[in-house]
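Here is the structure we will look at, set down as structure tokens.
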Amino acid sequence: IRLVGQLADEGRQALLFEVMPGGGSCRPGMVALTARPAEEPRFDRRLIDECGGFEIARADRSILLVSPATPAGAGSLWRLSAKDGLVLEATLAFAPQPGTGFADLKTGIGATAMLRNQAVWTAFTALSGADLKRDATLFSAAGPAVEAQRPLIAATGCGGDCRNGAALMLADPDRRALYLAFRLKGEKPRTRPDLARWPAEAKAALVRWTQRLD
């Protein structure tokens with residue numbers, strides 16, 4: 001636990017602490033403490049389970065905490081002050097970068113950056129369908145790296161602390177196509193689209209990926 005910020009206003013105080021999570025792949029969560037004269041101090045633990053962490057900035061007599069929106073879910077904007085305590089100011093929706101396409105992708109940028117590409121995100125949502133949130137969550141942390149033959153660009157992921165599943169994403173700028181593979185705990189890998197529609201170089205990357213997992 002580490003003190004991150006402290007505010008005072010007319011005898012009232014607010015303190016913000018950074019708390020390390022249990023899962024190794026998560027960034028620290030936050031706990032707020034507010035204290036008012038003649039009252040017991042109060043802990044606010046609403047931010048402790050935010051795996052993605054926060055961007056923190058100072059404002060007038062307050063601290064702003066932003067949890068950025070990601071492909072796996074909405075973000076949030078919080079304000080901590082000695083007067084009002086911890087207040088949720090806004091919910092932030094995820095949106096890809098407008099106008100970006102497969103030609104803008106670069107090798108090694110990682111899954112989150114790839115999903116911020118508008119063309120990739122459009123293809124990803126079409127392939128995932130009703131499983132969009134689950135599939136996107138599996139890319140919330142980096143997985144074992146895998147090599148892919150050009151022109152493919154590869155990114156891997158795992159859910160939470162990587163115990164629940166792993167994911168592979170292959171983007172093909174030449175074909176303007178996306179190939180996804182997922183392996184959940186205790187299950188065989190599933191591919192989108194069907195494996196029969198994968199080009200040979202994508203199938204080869206899939207084999208290397210499964211070997212890394214095993």
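Each chain of the structure tokens is named A, B, ... in the order shown, its residues numbered from 1; ligands are numbered from 1 in display order.
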
Practice task
Can you check which residues of chain A DSSP gives as alpha helix (DSSP H) on the backbone and send them as an MDAnalysis selection string?
Solution key: chainID A and resid 111:115 118:128 132:137 200:213

Exercise for the section: Mind checking which residues fall within 12 Å of Ile63 in chain A, counting only C-alpha atoms, ignoring those fewer than 2 positions away in the same chain, and posting them as an MDAnalysis selection string? Expected result: chainID A and resid 4:8 14:16 32 54:61 65:66 77:87 89

Restricted to N, CA and C atoms, what would the selected residues look like written as a PDB file, in the first residue's frame?
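Okay, part-v3.pdb is ready:
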```pdb
ATOM      1  N   VAL A   4      -0.733   8.009  -2.361  1.00  0.00           N
ATOM      2  CA  VAL A   4      -0.579   8.654  -3.657  1.00  0.00           C
ATOM      3  C   VAL A   4      -0.895  10.139  -3.593  1.00  0.00           C
ATOM      4  N   GLY A   5      -1.912  10.511  -2.816  1.00  0.00           N
ATOM      5  CA  GLY A   5      -2.305  11.911  -2.736  1.00  0.00           C
ATOM      6  C   GLY A   5      -3.052  12.210  -1.447  1.00  0.00           C
ATOM      7  N   GLN A   6      -3.026  13.475  -1.048  1.00  0.00           N
ATOM      8  CA  GLN A   6      -3.698  13.894   0.177  1.00  0.00           C
ATOM      9  C   GLN A   6      -4.291  15.279  -0.021  1.00  0.00           C
ATOM     10  N   LEU A   7      -5.544  15.465   0.417  1.00  0.00           N
ATOM     11  CA  LEU A   7      -6.257  16.726   0.279  1.00  0.00           C
ATOM     12  C   LEU A   7      -6.828  17.143   1.628  1.00  0.00           C
ATOM     13  N   ALA A   8      -6.916  18.447   1.832  1.00  0.00           N
ATOM     14  CA  ALA A   8      -7.508  18.978   3.062  1.00  0.00           C
ATOM     15  C   ALA A   8      -8.353  20.193   2.725  1.00  0.00           C
ATOM     16  N   ALA A  14      -8.958  13.948   2.705  1.00  0.00           N
ATOM     17  CA  ALA A  14      -9.131  12.819   1.785  1.00  0.00           C
ATOM     18  C   ALA A  14      -7.747  12.308   1.412  1.00  0.00           C
ATOM     19  N   LEU A  15      -7.572  11.012   1.497  1.00  0.00           N
ATOM     20  CA  LEU A  15      -6.296  10.385   1.172  1.00  0.00           C
ATOM     21  C   LEU A  15      -6.540   9.311   0.126  1.00  0.00           C
ATOM     22  N   LEU A  16      -5.603   9.188  -0.803  1.00  0.00           N
ATOM     23  CA  LEU A  16      -5.692   8.197  -1.862  1.00  0.00           C
ATOM     24  C   LEU A  16      -4.498   7.253  -1.759  1.00  0.00           C
ATOM     25  N   ALA A  32      -9.708   4.993  -1.334  1.00  0.00           N
ATOM     26  CA  ALA A  32      -9.816   6.364  -0.835  1.00  0.00           C
ATOM     27  C   ALA A  32     -10.259   6.344   0.627  1.00  0.00           C
ATOM     28  N   PHE A  54      -5.205   3.435 -13.217  1.00  0.00           N
ATOM     29  CA  PHE A  54      -5.744   4.780 -13.400  1.00  0.00           C
ATOM     30  C   PHE A  54      -4.660   5.751 -13.848  1.00  0.00           C
ATOM     31  N   GLU A  55      -5.103   6.727 -14.624  1.00  0.00           N
ATOM     32  CA  GLU A  55      -4.291   7.901 -14.895  1.00  0.00           C
ATOM     33  C   GLU A  55      -4.741   8.968 -13.898  1.00  0.00           C
ATOM     34  N   ILE A  56      -3.788   9.584 -13.190  1.00  0.00           N
ATOM     35  CA  ILE A  56      -4.119  10.486 -12.085  1.00  0.00           C
ATOM     36  C   ILE A  56      -3.637  11.893 -12.396  1.00  0.00           C
ATOM     37  N   ALA A  57      -4.495  12.864 -12.117  1.00  0.00           N
ATOM     38  CA  ALA A  57      -4.143  14.268 -12.337  1.00  0.00           C
ATOM     39  C   ALA A  57      -4.723  15.112 -11.226  1.00  0.00           C
ATOM     40  N   ARG A  58      -4.043  16.202 -10.920  1.00  0.00           N
ATOM     41  CA  ARG A  58      -4.525  17.158  -9.916  1.00  0.00           C
ATOM     42  C   ARG A  58      -5.437  18.187 -10.554  1.00  0.00           C
ATOM     43  N   ALA A  59      -6.500  18.533  -9.853  1.00  0.00           N
ATOM     44  CA  ALA A  59      -7.393  19.605 -10.274  1.00  0.00           C
ATOM     45  C   ALA A  59      -7.602  20.520  -9.071  1.00  0.00           C
ATOM     46  N   ASP A  60      -8.464  21.522  -9.205  1.00  0.00           N
ATOM     47  CA  ASP A  60      -8.710  22.468  -8.127  1.00  0.00           C
ATOM     48  C   ASP A  60      -9.299  21.762  -6.915  1.00  0.00           C
ATOM     49  N   ARG A  61      -8.500  21.619  -5.862  1.00  0.00           N
ATOM     50  CA  ARG A  61      -8.919  21.002  -4.602  1.00  0.00           C
ATOM     51  C   ARG A  61      -9.440  19.576  -4.787  1.00  0.00           C
ATOM     52  N   LEU A  65      -9.163  10.795 -11.357  1.00  0.00           N
ATOM     53  CA  LEU A  65      -8.689   9.452 -11.672  1.00  0.00           C
ATOM     54  C   LEU A  65      -9.436   8.962 -12.909  1.00  0.00           C
ATOM     55  N   VAL A  66      -8.691   8.616 -13.937  1.00  0.00           N
ATOM     56  CA  VAL A  66      -9.286   8.155 -15.188  1.00  0.00           C
ATOM     57  C   VAL A  66      -8.879   6.709 -15.425  1.00  0.00           C
ATOM     58  N   LEU A  77     -14.360   8.124 -15.107  1.00  0.00           N
ATOM     59  CA  LEU A  77     -13.717   9.322 -14.592  1.00  0.00           C
ATOM     60  C   LEU A  77     -14.236   9.566 -13.180  1.00  0.00           C
ATOM     61  N   TRP A  78     -13.314   9.581 -12.207  1.00  0.00           N
ATOM     62  CA  TRP A  78     -13.662   9.783 -10.796  1.00  0.00           C
ATOM     63  C   TRP A  78     -13.013  11.067 -10.293  1.00  0.00           C
ATOM     64  N   ARG A  79     -13.654  11.693  -9.321  1.00  0.00           N
ATOM     65  CA  ARG A  79     -13.101  12.873  -8.673  1.00  0.00           C
ATOM     66  C   ARG A  79     -13.096  12.651  -7.162  1.00  0.00           C
ATOM     67  N   LEU A  80     -11.930  12.858  -6.553  1.00  0.00           N
ATOM     68  CA  LEU A  80     -11.786  12.751  -5.102  1.00  0.00           C
ATOM     69  C   LEU A  80     -11.522  14.124  -4.519  1.00  0.00           C
ATOM     70  N   SER A  81     -12.316  14.508  -3.544  1.00  0.00           N
ATOM     71  CA  SER A  81     -12.098  15.772  -2.847  1.00  0.00           C
ATOM     72  C   SER A  81     -12.373  15.575  -1.360  1.00  0.00           C
ATOM     73  N   ALA A  82     -11.785  16.446  -0.552  1.00  0.00           N
ATOM     74  CA  ALA A  82     -12.030  16.369   0.887  1.00  0.00           C
ATOM     75  C   ALA A  82     -13.483  16.715   1.221  1.00  0.00           C
ATOM     76  N   LYS A  83     -14.088  17.561   0.414  1.00  0.00           N
ATOM     77  CA  LYS A  83     -15.471  17.995   0.669  1.00  0.00           C
ATOM     78  C   LYS A  83     -16.502  16.921   0.321  1.00  0.00           C
ATOM     79  N   ASP A  84     -16.361  16.301  -0.849  1.00  0.00           N
ATOM     80  CA  ASP A  84     -17.388  15.376  -1.344  1.00  0.00           C
ATOM     81  C   ASP A  84     -16.977  13.916  -1.340  1.00  0.00           C
ATOM     82  N   GLY A  85     -15.717  13.611  -1.004  1.00  0.00           N
ATOM     83  CA  GLY A  85     -15.266  12.237  -1.061  1.00  0.00           C
ATOM     84  C   GLY A  85     -15.040  11.795  -2.492  1.00  0.00           C
ATOM     85  N   LEU A  86     -15.297  10.522  -2.793  1.00  0.00           N
ATOM     86  CA  LEU A  86     -15.066   9.952  -4.116  1.00  0.00           C
ATOM     87  C   LEU A  86     -16.375   9.949  -4.898  1.00  0.00           C
ATOM     88  N   VAL A  87     -16.366  10.606  -6.063  1.00  0.00           N
ATOM     89  CA  VAL A  87     -17.578  10.753  -6.867  1.00  0.00           C
ATOM     90  C   VAL A  87     -17.290  10.286  -8.294  1.00  0.00           C
ATOM     91  N   GLU A  89     -17.747  10.778 -11.931  1.00  0.00           N
ATOM     92  CA  GLU A  89     -18.127  11.911 -12.761  1.00  0.00           C
ATOM     93  C   GLU A  89     -18.681  11.488 -14.120  1.00  0.00           C
TER      94      GLU A  89
END
```

Pull the closest atom pair for each residue of range 76-113 of chain A that gets at most 12 Å from range 177-192 of chain A, along with the distance in Å to one decimal, counting only C-alpha atoms, ordering rows by chain and then ascending residue number, as a tab-separated table.
```
residue	atom	partner	partner_atom	distance
A:Gly101	CA	A:Ala177	CA	10.8
A:Phe102	CA	A:Ala177	CA	8.3
A:Ala103	CA	A:Ala177	CA	11.2
A:Ala111	CA	A:Leu180	CA	11.4
```

Handout entry: Atomic separation - CA of Gln118 in chain A relative to CA of Leu64 in chain A, Å
Key =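 CA of Gln118 in chain A lies 28.7 Å from CA of Leu64 in chain A.
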